[in-house]
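Below: my_file_19.cif (mmCIF, C-alpha atoms)
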data_final
loop_
_atom_site.label_atom_id
_atom_site.label_comp_id
_atom_site.auth_asym_id
_atom_site.auth_seq_id
_atom_site.Cartn_x
_atom_site.Cartn_y
_atom_site.Cartn_z
CA MET B 1329 152.36 288.40 132.15
CA SER B 1330 150.84 284.94 131.75
CA LEU B 1331 150.83 282.79 134.87
CA THR B 1332 151.37 279.55 132.97
CA PRO B 1333 154.88 278.28 132.18
CA CYS B 1334 153.80 275.85 129.45
CA SER B 1335 153.40 276.91 125.86
CA PRO B 1336 151.28 274.58 123.70
CA SER B 1337 152.19 274.47 120.02
CA ALA B 1338 150.19 276.41 117.46
CA GLU B 1339 148.39 273.18 116.54
CA ASP B 1340 146.99 272.79 120.05
CA SER B 1341 143.33 273.63 120.61
CA ARG B 1342 142.22 276.04 123.32
CA LEU B 1343 141.10 273.05 125.33
CA GLU B 1344 144.62 271.64 125.30
CA ALA B 1345 146.01 275.04 126.25
CA LEU B 1346 143.46 275.23 129.06
CA LYS B 1347 144.51 271.82 130.42
CA CYS B 1348 148.15 272.88 130.20
CA TRP B 1349 147.41 276.02 132.21
CA LEU B 1350 145.45 274.12 134.88
CA GLY B 1351 148.29 271.64 135.20
CA SER B 1352 150.74 274.47 135.81
CA LEU B 1353 148.87 275.81 138.86
CA ALA B 1354 150.44 275.00 142.22
CA ALA B 1355 147.04 275.11 143.90
CA PRO B 1356 144.35 274.01 144.19
CA ALA B 1357 145.00 270.34 143.45
CA MET B 1358 142.80 269.18 140.59
CA LYS B 1359 142.09 266.04 138.58
CA ILE B 1360 142.71 267.50 135.13
CA GLY B 1361 141.32 264.39 133.47
CA SER B 1362 137.89 265.17 134.98
CA LEU B 1363 137.57 268.39 132.95
CA ARG B 1364 134.15 268.39 131.28
CA PRO B 1365 131.71 270.91 129.78
CA ALA B 1366 129.63 272.81 132.34
CA SER B 1367 127.76 275.28 130.14
CA SER B 1368 128.04 277.79 127.36
CA ASP B 1369 126.31 281.11 126.78
CA ALA B 1370 125.35 283.53 124.04
CA SER B 1371 128.91 284.81 123.76
CA PHE B 1372 132.16 283.12 122.75
CA ARG B 1373 132.77 282.03 126.34
CA ARG B 1374 132.69 278.37 127.40
CA TYR B 1375 132.63 276.92 130.90
CA PHE B 1376 134.07 273.65 132.17
CA ARG B 1377 133.87 271.85 135.50
CA VAL B 1378 136.91 270.14 137.00
CA ASP B 1379 137.09 268.03 140.16
CA GLY B 1380 139.45 268.73 143.01
CA THR B 1381 141.28 265.93 144.80
CA GLY B 1382 138.61 265.89 147.50
CA ASN B 1383 134.87 266.31 147.14
CA ASP B 1384 135.22 269.81 145.79
CA SER B 1385 134.96 271.04 142.21
CA TYR B 1386 135.79 274.21 140.29
CA ILE B 1387 134.58 276.07 137.23
CA VAL B 1388 136.98 277.04 134.44
CA MET B 1389 136.09 279.91 132.10
CA ASP B 1390 137.47 279.87 128.57
CA ALA B 1391 137.06 283.39 127.14
CA PRO B 1392 139.04 283.52 123.88
CA PRO B 1393 140.72 286.82 123.02
CA PRO B 1394 140.19 289.03 121.14
CA GLN B 1395 136.44 288.29 121.16
CA GLU B 1396 136.31 288.16 124.95
CA ASP B 1397 138.09 289.90 127.80
CA VAL B 1398 138.11 288.41 131.31
CA ARG B 1399 139.09 291.67 133.02
CA PRO B 1400 135.50 293.03 133.35
CA PHE B 1401 134.44 289.73 134.95
CA ILE B 1402 137.29 289.93 137.46
CA ARG B 1403 136.48 293.55 138.29
CA VAL B 1404 132.74 293.03 138.75
CA ALA B 1405 133.30 289.83 140.74
CA ASP B 1406 135.31 291.93 143.16
CA VAL B 1407 132.72 294.74 143.31
CA PHE B 1408 129.72 292.42 143.67
CA GLY B 1409 131.51 290.04 146.04
CA ALA B 1410 132.18 292.93 148.41
CA THR B 1411 128.42 293.47 148.80
CA GLY B 1412 127.99 290.02 150.40
CA ILE B 1413 125.95 288.40 147.63
CA SER B 1414 126.99 284.97 146.35
CA VAL B 1415 129.21 285.24 143.28
CA PRO B 1416 132.07 283.00 142.11
CA ALA B 1417 135.48 283.73 143.62
CA VAL B 1418 138.33 284.13 141.14
CA ILE B 1419 140.92 281.57 142.31
CA ALA B 1420 143.42 281.83 139.46
CA ARG B 1421 143.66 283.81 136.24
CA ASP B 1422 145.53 284.06 132.96
CA VAL B 1423 144.27 287.30 131.49
CA GLU B 1424 146.29 287.07 128.29
CA GLN B 1425 145.01 283.62 127.37
CA GLY B 1426 141.51 284.31 128.67
CA PHE B 1427 141.38 281.60 131.33
CA LEU B 1428 139.84 281.88 134.80
CA LEU B 1429 139.54 279.30 137.59
CA LEU B 1430 136.45 280.00 139.69
CA SER B 1431 134.70 278.60 142.72
CA ASP B 1432 131.78 276.34 141.80
CA LEU B 1433 128.26 277.53 142.67
CA GLY B 1434 126.71 274.24 141.62
CA SER B 1435 124.90 273.01 138.54
CA THR B 1436 121.24 273.79 139.31
CA THR B 1437 119.86 276.99 137.81
CA TYR B 1438 116.63 278.62 138.85
CA LEU B 1439 115.23 277.77 135.43
CA GLN B 1440 115.88 274.05 135.98
CA LEU B 1441 114.30 273.88 139.43
CA LEU B 1442 111.45 276.43 139.34
CA THR B 1443 107.96 275.07 139.94
CA ALA B 1444 104.70 276.63 141.07
CA ASP B 1445 105.44 275.23 144.55
CA ASN B 1446 108.95 276.60 145.07
CA ALA B 1447 108.89 279.77 142.95
CA HIS B 1448 107.80 282.09 145.76
CA LYS B 1449 110.68 281.11 148.05
CA LEU B 1450 113.25 281.24 145.26
CA TYR B 1451 112.07 284.61 144.01
CA LEU B 1452 112.03 286.13 147.49
CA ASP B 1453 115.67 285.04 147.85
CA ALA B 1454 116.48 286.63 144.48
CA LEU B 1455 114.70 289.85 145.44
CA GLY B 1456 116.58 289.98 148.74
CA ALA B 1457 119.93 289.51 147.02
CA LEU B 1458 119.05 292.21 144.49
CA VAL B 1459 118.23 294.71 147.22
CA GLN B 1460 121.46 293.78 149.02
CA LEU B 1461 123.47 294.41 145.85
CA GLN B 1462 121.75 297.70 145.10
CA SER B 1463 122.17 298.92 148.67
CA HIS B 1464 125.95 298.99 148.17
CA SER B 1465 125.80 300.99 144.94
CA GLN B 1466 128.22 303.85 144.43
CA PRO B 1467 128.63 306.13 141.41
CA GLY B 1468 131.91 306.07 139.53
CA VAL B 1469 132.61 302.37 140.16
CA LEU B 1470 130.91 300.84 137.12
CA ALA B 1471 130.32 302.30 133.66
CA GLU B 1472 127.13 304.35 133.32
CA TYR B 1473 124.07 302.91 131.63
CA ASP B 1474 123.68 306.12 129.69
CA ARG B 1475 121.39 307.23 126.89
CA ALA B 1476 123.80 306.14 124.17
CA LEU B 1477 123.98 302.58 125.50
CA LEU B 1478 120.25 302.28 126.16
CA LEU B 1479 119.49 303.53 122.64
CA ARG B 1480 122.13 301.35 121.03
CA GLU B 1481 120.49 298.33 122.64
CA MET B 1482 117.02 299.23 121.37
CA MET B 1483 118.36 299.81 117.86
CA LEU B 1484 119.04 296.07 117.72
CA PHE B 1485 115.27 295.68 117.30
CA PRO B 1486 114.92 297.43 113.91
CA GLU B 1487 118.29 296.20 112.67
CA TRP B 1488 118.07 292.52 113.53
CA TYR B 1489 114.45 291.68 114.34
CA VAL B 1490 112.59 293.82 111.80
CA ASP B 1491 115.12 294.00 108.97
CA LYS B 1492 116.99 290.69 109.19
CA HIS B 1493 114.43 288.41 110.86
CA LEU B 1494 111.14 289.68 109.44
CA GLY B 1495 112.76 290.80 106.20
CA ILE B 1496 110.99 294.17 106.32
CA THR B 1497 112.42 297.59 105.52
CA MET B 1498 110.43 300.12 107.52
CA SER B 1499 109.17 303.29 105.89
CA ASP B 1500 110.42 306.68 107.05
CA LYS B 1501 107.12 307.17 108.86
CA GLN B 1502 107.44 303.84 110.66
CA SER B 1503 111.03 304.58 111.64
CA ALA B 1504 109.97 307.97 113.00
CA THR B 1505 107.21 306.29 115.03
CA LEU B 1506 109.66 303.82 116.52
CA ASN B 1507 112.13 306.59 117.36
CA GLN B 1508 109.37 308.51 119.15
CA VAL B 1509 108.62 305.44 121.27
CA PHE B 1510 112.33 305.11 122.00
CA ASP B 1511 112.38 308.72 123.20
CA VAL B 1512 109.48 308.06 125.57
CA LEU B 1513 111.21 305.02 127.03
CA LEU B 1514 114.58 306.75 127.34
CA ALA B 1515 113.05 309.73 129.14
CA ASN B 1516 111.61 307.37 131.74
CA ASN B 1517 114.65 305.12 132.02
CA LEU B 1518 117.14 307.95 132.47
CA ALA B 1519 114.96 309.70 135.07
CA GLN B 1520 115.05 306.64 137.34
CA PRO B 1521 117.43 306.50 140.34
CA GLN B 1522 120.74 304.82 139.55
CA VAL B 1523 122.18 301.69 141.18
CA TYR B 1524 124.41 298.74 140.32
CA VAL B 1525 122.77 296.82 137.44
CA HIS B 1526 123.66 293.20 136.69
CA ARG B 1527 121.95 293.43 133.24
CA ASP B 1528 121.03 289.73 132.99
CA TYR B 1529 119.50 288.98 136.36
CA HIS B 1530 117.23 286.07 135.39
CA SER B 1531 116.55 282.37 135.83
CA ARG B 1532 119.46 281.12 133.70
CA ASN B 1533 122.03 283.13 135.66
CA LEU B 1534 120.78 282.40 139.18
CA MET B 1535 121.99 279.19 140.80
CA VAL B 1536 120.11 277.42 143.59
CA LEU B 1537 122.28 277.29 146.73
CA SER B 1538 121.54 275.74 150.11
CA ASP B 1539 123.28 278.69 151.77
CA GLY B 1540 123.43 282.25 150.48
CA ASN B 1541 120.85 281.63 147.76
CA PRO B 1542 121.00 282.55 144.94
CA GLY B 1543 124.41 282.15 143.37
CA ILE B 1544 124.78 284.87 140.74
CA LEU B 1545 126.58 284.38 137.41
CA ASP B 1546 127.25 286.19 134.10
CA PHE B 1547 127.65 289.65 135.59
CA GLN B 1548 130.61 290.90 133.54
CA ASP B 1549 128.49 293.48 131.68
CA ALA B 1550 127.30 295.18 134.88
CA VAL B 1551 126.74 298.94 134.84
CA TYR B 1552 125.42 301.79 136.98
CA GLY B 1553 121.89 302.46 135.80
CA PRO B 1554 118.10 302.43 136.28
CA ILE B 1555 116.93 300.87 139.52
CA THR B 1556 114.13 298.78 137.97
CA TYR B 1557 116.26 297.13 135.26
CA ASP B 1558 117.27 293.95 137.10
CA LEU B 1559 113.78 293.58 138.57
CA ALA B 1560 112.37 293.64 135.03
CA SER B 1561 114.97 291.06 133.93
CA LEU B 1562 113.93 288.78 136.79
CA LEU B 1563 110.15 289.09 136.69
CA ARG B 1564 109.69 289.45 132.93
CA ASP B 1565 112.12 286.63 132.16
CA ALA B 1566 112.53 285.65 128.50
CA TYR B 1567 112.74 281.97 129.50
CA VAL B 1568 109.91 281.54 132.00
CA GLN B 1569 106.56 283.28 132.38
CA TRP B 1570 104.51 283.88 135.52
CA ASP B 1571 100.92 285.07 135.98
CA GLU B 1572 100.52 288.83 136.13
CA GLU B 1573 99.20 288.56 139.68
CA LEU B 1574 102.41 286.87 140.82
CA VAL B 1575 104.59 289.38 139.00
CA LEU B 1576 102.71 292.24 140.63
CA ASP B 1577 103.00 290.61 144.05
CA TRP B 1578 106.77 290.10 143.69
CA ALA B 1579 107.24 293.62 142.33
CA ILE B 1580 105.44 295.06 145.36
CA ARG B 1581 107.49 292.89 147.72
CA TYR B 1582 110.68 294.17 146.08
CA TRP B 1583 109.39 297.76 146.40
CA GLU B 1584 108.73 297.22 150.11
CA LEU B 1585 112.15 295.63 150.67
CA ALA B 1586 113.87 298.42 148.75
CA ARG B 1587 112.12 301.17 150.69
CA ARG B 1588 113.04 299.54 154.00
CA ALA B 1589 116.65 299.35 152.82
CA GLY B 1590 116.62 303.07 152.02
CA LEU B 1591 116.84 302.62 148.25
CA PRO B 1592 115.46 305.54 146.20
CA VAL B 1593 112.55 303.74 144.51
CA ASN B 1594 109.58 305.86 143.53
CA PRO B 1595 107.50 306.29 146.72
CA ASP B 1596 104.27 305.91 144.74
CA ILE B 1597 103.67 302.23 143.94
CA ASP B 1598 101.75 302.96 140.73
CA ALA B 1599 104.53 305.22 139.44
CA PHE B 1600 107.10 302.62 140.48
CA TYR B 1601 105.28 299.88 138.56
CA ARG B 1602 105.12 302.12 135.51
CA ASP B 1603 108.89 302.61 135.77
CA PHE B 1604 109.27 298.83 135.98
CA GLU B 1605 107.14 298.28 132.87
CA PHE B 1606 108.83 300.98 130.79
CA MET B 1607 112.25 299.63 131.75
CA GLY B 1608 111.10 296.13 130.88
CA LEU B 1609 109.94 297.27 127.46
CA GLN B 1610 113.37 298.75 126.72
CA ARG B 1611 114.84 295.34 127.56
CA HIS B 1612 112.25 293.39 125.56
CA LEU B 1613 113.01 295.37 122.40
CA LYS B 1614 116.72 294.77 122.93
CA VAL B 1615 116.22 291.04 123.52
CA LEU B 1616 114.12 290.63 120.38
CA GLY B 1617 117.06 292.07 118.45
CA ILE B 1618 119.65 289.99 120.30
CA PHE B 1619 117.81 286.70 119.82
CA ALA B 1620 117.38 287.44 116.12
CA ARG B 1621 121.07 288.34 115.84
CA LEU B 1622 122.13 285.15 117.59
CA TYR B 1623 120.30 283.20 114.90
CA HIS B 1624 121.06 285.20 111.76
CA ARG B 1625 124.64 286.21 112.55
CA ASP B 1626 125.88 283.51 114.92
CA GLY B 1627 123.89 280.50 113.74
CA LYS B 1628 122.38 279.86 117.20
CA ASP B 1629 118.75 278.87 116.67
CA GLY B 1630 118.01 277.89 120.26
CA TYR B 1631 116.71 281.35 121.11
CA LEU B 1632 114.09 281.49 118.35
CA LYS B 1633 111.62 279.56 120.51
CA ASP B 1634 111.81 282.34 123.11
CA LEU B 1635 110.86 285.14 120.70
CA PRO B 1636 107.06 284.72 121.07
CA LEU B 1637 107.15 285.22 124.85
CA VAL B 1638 109.31 288.33 124.56
CA MET B 1639 106.95 289.73 121.92
CA GLU B 1640 103.99 288.95 124.18
CA TYR B 1641 105.62 290.97 126.96
CA THR B 1642 106.31 293.77 124.49
CA ARG B 1643 102.74 293.97 123.26
CA LYS B 1644 101.14 293.74 126.71
CA VAL B 1645 103.17 296.62 128.11
CA ALA B 1646 102.76 298.79 125.01
CA TYR B 1647 99.01 298.18 125.05
CA ARG B 1648 98.66 299.40 128.65
CA TYR B 1649 99.98 302.95 128.15
CA LYS B 1650 98.55 305.54 125.75
CA GLU B 1651 101.99 307.04 125.02
CA LEU B 1652 103.08 303.61 123.81
CA ALA B 1653 100.05 303.03 121.58
CA PRO B 1654 102.05 303.92 118.42
CA LEU B 1655 104.24 300.87 119.09
CA VAL B 1656 101.20 298.59 119.11
CA LYS B 1657 100.08 300.04 115.77
CA LEU B 1658 103.58 299.59 114.33
CA LEU B 1659 103.79 295.98 115.49
CA ASP B 1660 100.40 295.30 113.94
CA GLU B 1661 101.62 296.74 110.65
CA LEU B 1662 104.81 294.68 110.72
CA GLU B 1663 102.96 291.49 111.61
CA ASP B 1664 100.38 292.06 108.87
CA LYS B 1665 103.09 292.69 106.30
CA THR B 1666 104.98 289.59 107.42
CA GLN B 1667 101.87 287.46 106.92
CA GLN B 1668 101.25 288.97 103.50
CA VAL B 1669 104.70 288.03 102.22
CA GLY B 1670 104.32 284.50 103.55
CA TYR B 1671 106.80 284.39 106.42
CA THR B 1672 106.16 281.79 109.09
CA PHE B 1673 108.03 281.56 112.38
#
Now that the file is in, can you turn its structure into structure tokens?
Amino acid sequence: MSLTPCSPSAEDSRLEALKCWLGSLAAPAMKIGSLRPASSDASFRRYFRVDGTGNDSYIVMDAPPPQEDVRPFIRVADVFGATGISVPAVIARDVEQGFLLLSDLGSTTYLQLLTADNAHKLYLDALGALVQLQSHSQPGVLAEYDRALLLREMMLFPEWYVDKHLGITMSDKQSATLNQVFDVLLANNLAQPQVYVHRDYHSRNLMVLSDGNPGILDFQDAVYGPITYDLASLLRDAYVQWDEELVLDWAIRYWELARRAGLPVNPDIDAFYRDFEFMGLQRHLKVLGIFARLYHRDGKDGYLKDLPLVMEYTRKVAYRYKELAPLVKLLDELEDKTQQVGYTF
């Protein structure tokens, strides 16, 4: 049952309904007039910030049904919060309307603050929090990151990036080549040890905190899956790029931290790094499809500028491993065909 006693008329916007709900809460005391946009994301969700009566502030999530469901967020916030990492506390909820009142982890993301001078400290904090989260992993708590889901994600690449974005219909031979590459990646991904996986552990979802850094957001799609997934999200970030030497250094530091914590990472560092790269490639192919879909289906063009970096990651990893060489050849064919028909991006 809804927690709010007020019922805005059908003409009211969601924002008016949200203000009505906030005003109905007995606690905490808030200045409803201070409600202002905090951020938005690639989904239908919106976030607002509202001031308390003191020096405190809160975040309000607007997740409109039926497109969004706040229950996974509530559940994962509870699971992740129990591990001791910094995630927003759910202070009040109206599941039916899709409203949540959350504690405020600040307004400074990693992406906003990262520089060559502070990156090492910030990334070590993020690696430590990741190991802490993974150390509390238990099977049967979160949905499994199984073959069907991993494959469904990669299929976004041919559907949205190749077909819709490049405007190319692949031949049967090209499709077979891509499916063979998918099989190689899936065999590696599914053979990796399983832990809690955030699924978007990167610079836009990590908040800089003075205590308990980092604050971790946007975890509602968390699953139980491959141990290198979140590390790949963090170090092969679609929004910020670091030198290969730094990425290797941070990956090794994570590997050392994970081993000390008793996590089941591959004991051979070369094999572990290969796992990391293969997992990253699965994610890169998915992200290429997602960014293309956000533009062509949802009209969000802000992600188009990030496509070249994700493709660079994709090509570099595929080029390094002989079993992935067919993907390099396929990408060359698609790029050549795109140029021939006059597409420019």
**OP:** Taking the file as shown, find all residues satisfying the PyMOL selection byres ((chain B and resi 1416) around 9) and write them as a ChimeraX atom specification.
**Re:** /B:1387,1405,1409,1414-1415,1417-1419,1430-1433,1543-1545
Original post:
If the PyMOL selection byres ((chain B and resi 1655) around 10) is run on the structure shown, which residues does it catch, given as a PyMOL selection string?
Top reply: chain B and resi 1502+1505-1510+1642-1643+1646-1647+1650-1654+1656-1661
**OP:** Find, counting only C-alpha atoms, the residue in B:Tyr1386, B:Trp1488, B:Phe1547, B:Phe1372 that gets nearest to His1624 (chain B).
**Re:** B:Trp1488
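The shortest atom-to-atom distance to Val1645 (chain B), with only C-alpha atoms taken into account, belongs to B:Leu1609 out of B:Leu1622, B:Leu1609, B:Leu1537, B:Ala1599.
Interatomic distance, CA of Lys1614 (chain B) to CA of Ala1454 (chain B): 23.0 Å.
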Counting all atoms listed in the file, I want the residues whose atoms come within 10 Å of (104.6, 295.5, 109.4) in the file frame, returned as an mmCIF file with C-alpha atoms, in the frame of the given file.
data_model
loop_
_atom_site.group_PDB
_atom_site.id
_atom_site.type_symbol
_atom_site.label_atom_id
_atom_site.label_comp_id
_atom_site.auth_asym_id
_atom_site.auth_seq_id
_atom_site.Cartn_x
_atom_site.Cartn_y
_atom_site.Cartn_z
ATOM 1 C CA VAL B 1490 112.590 293.820 111.800
ATOM 2 C CA LEU B 1494 111.140 289.680 109.440
ATOM 3 C CA GLY B 1495 112.760 290.800 106.200
ATOM 4 C CA ILE B 1496 110.990 294.170 106.320
ATOM 5 C CA THR B 1497 112.420 297.590 105.520
ATOM 6 C CA MET B 1498 110.430 300.120 107.520
ATOM 7 C CA SER B 1499 109.170 303.290 105.890
ATOM 8 C CA GLN B 1502 107.440 303.840 110.660
ATOM 9 C CA LYS B 1657 100.080 300.040 115.770
ATOM 10 C CA LEU B 1658 103.580 299.590 114.330
ATOM 11 C CA LEU B 1659 103.790 295.980 115.490
ATOM 12 C CA ASP B 1660 100.400 295.300 113.940
ATOM 13 C CA GLU B 1661 101.620 296.740 110.650
ATOM 14 C CA LEU B 1662 104.810 294.680 110.720
ATOM 15 C CA GLU B 1663 102.960 291.490 111.610
ATOM 16 C CA ASP B 1664 100.380 292.060 108.870
ATOM 17 C CA LYS B 1665 103.090 292.690 106.300
ATOM 18 C CA THR B 1666 104.980 289.590 107.420
ATOM 19 C CA GLN B 1667 101.870 287.460 106.920
ATOM 20 C CA GLN B 1668 101.250 288.970 103.500
#
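The shortest atom-to-atom distance to Lys1347 (chain B), with only C-alpha atoms taken into account, belongs to B:Leu1429 out of B:Leu1429, B:Ile1597, B:Leu1439, B:Leu1563.
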Original post:
Selected by the PyMOL selection byres ((chain B and resi 1558) around 12) in the shown coordinates: which residues, as a PyMOL selection string?
Top reply: chain B and resi 1454-1455+1457-1459+1461-1462+1522-1531+1533+1547+1550-1557+1559-1565+1579+1582+1604-1605+1607-1608+1611
Residue selection dump (C-alpha atoms) as a compact mmCIF listing (two decimals), in the frame of the given file:
# COMPACT_ATOMS: atom_id res chain seq x y z
CA ALA B 1454 116.48 286.63 144.48
CA LEU B 1455 114.70 289.85 145.44
CA ALA B 1457 119.93 289.51 147.02
CA LEU B 1458 119.05 292.21 144.49
CA VAL B 1459 118.23 294.71 147.22
CA LEU B 1461 123.47 294.41 145.85
CA GLN B 1462 121.75 297.70 145.10
CA GLN B 1522 120.74 304.82 139.55
CA VAL B 1523 122.18 301.69 141.18
CA TYR B 1524 124.41 298.74 140.32
CA VAL B 1525 122.77 296.82 137.44
CA HIS B 1526 123.66 293.20 136.69
CA ARG B 1527 121.95 293.43 133.24
CA ASP B 1528 121.03 289.73 132.99
CA TYR B 1529 119.50 288.98 136.36
CA HIS B 1530 117.23 286.07 135.39
CA SER B 1531 116.55 282.37 135.83
CA ASN B 1533 122.03 283.13 135.66
CA PHE B 1547 127.65 289.65 135.59
CA ALA B 1550 127.30 295.18 134.88
CA VAL B 1551 126.74 298.94 134.84
CA TYR B 1552 125.42 301.79 136.98
CA GLY B 1553 121.89 302.46 135.80
CA PRO B 1554 118.10 302.43 136.28
CA ILE B 1555 116.93 300.87 139.52
CA THR B 1556 114.13 298.78 137.97
CA TYR B 1557 116.26 297.13 135.26
CA LEU B 1559 113.78 293.58 138.57
CA ALA B 1560 112.37 293.64 135.03
CA SER B 1561 114.97 291.06 133.93
CA LEU B 1562 113.93 288.78 136.79
CA LEU B 1563 110.15 289.09 136.69
CA ARG B 1564 109.69 289.45 132.93
CA ASP B 1565 112.12 286.63 132.16
CA ALA B 1579 107.24 293.62 142.33
CA TYR B 1582 110.68 294.17 146.08
CA PHE B 1604 109.27 298.83 135.98
CA GLU B 1605 107.14 298.28 132.87
CA MET B 1607 112.25 299.63 131.75
CA GLY B 1608 111.10 296.13 130.88
CA ARG B 1611 114.84 295.34 127.56
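Across the model, the gap from CA of Gly1434 (chain B) to CA of Asp1422 (chain B) is 22.9 Å.
Checking B:Val1593, B:Leu1616, B:Leu1346, B:Ala1444 one by one against Gln1520 (chain B), counting all atoms listed in the file, you find the shortest gap at B:Val1593.
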Original post:
What does the distance from CA of Gln1548 (chain B) to CA of Pro1521 (chain B) come to in Å, to one decimal?
Top reply: 21.5 Å
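With only C-alpha atoms as the atoms that count, the minimum distance from Lys1633 (chain B) to the choices B:Leu1477, B:Ala1620, B:Leu1441, B:Val1407 is reached by B:Ala1620.
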Subject >> Residue nearest Arg1364 (chain B) - candidates B:Arg1377, B:Arg1602, B:Arg1421, B:Lys1449, atoms counted: only C-alpha atoms >> reply: B:Arg1377
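The residue set within 8 Å of Leu1514 (chain B), counting only C-alpha atoms and dropping same-chain residues fewer than 5 places from it, reads Arg1475, Leu1478 and Leu1479 of chain B.
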Subject >> Nearby residues (all atoms listed in the file) at most 6 Å from Val1388 (chain B), same-chain spacing under 3 positions excluded, as a list in words >> reply: Tyr1375, Phe1376, Leu1428 and Leu1429 of chain B
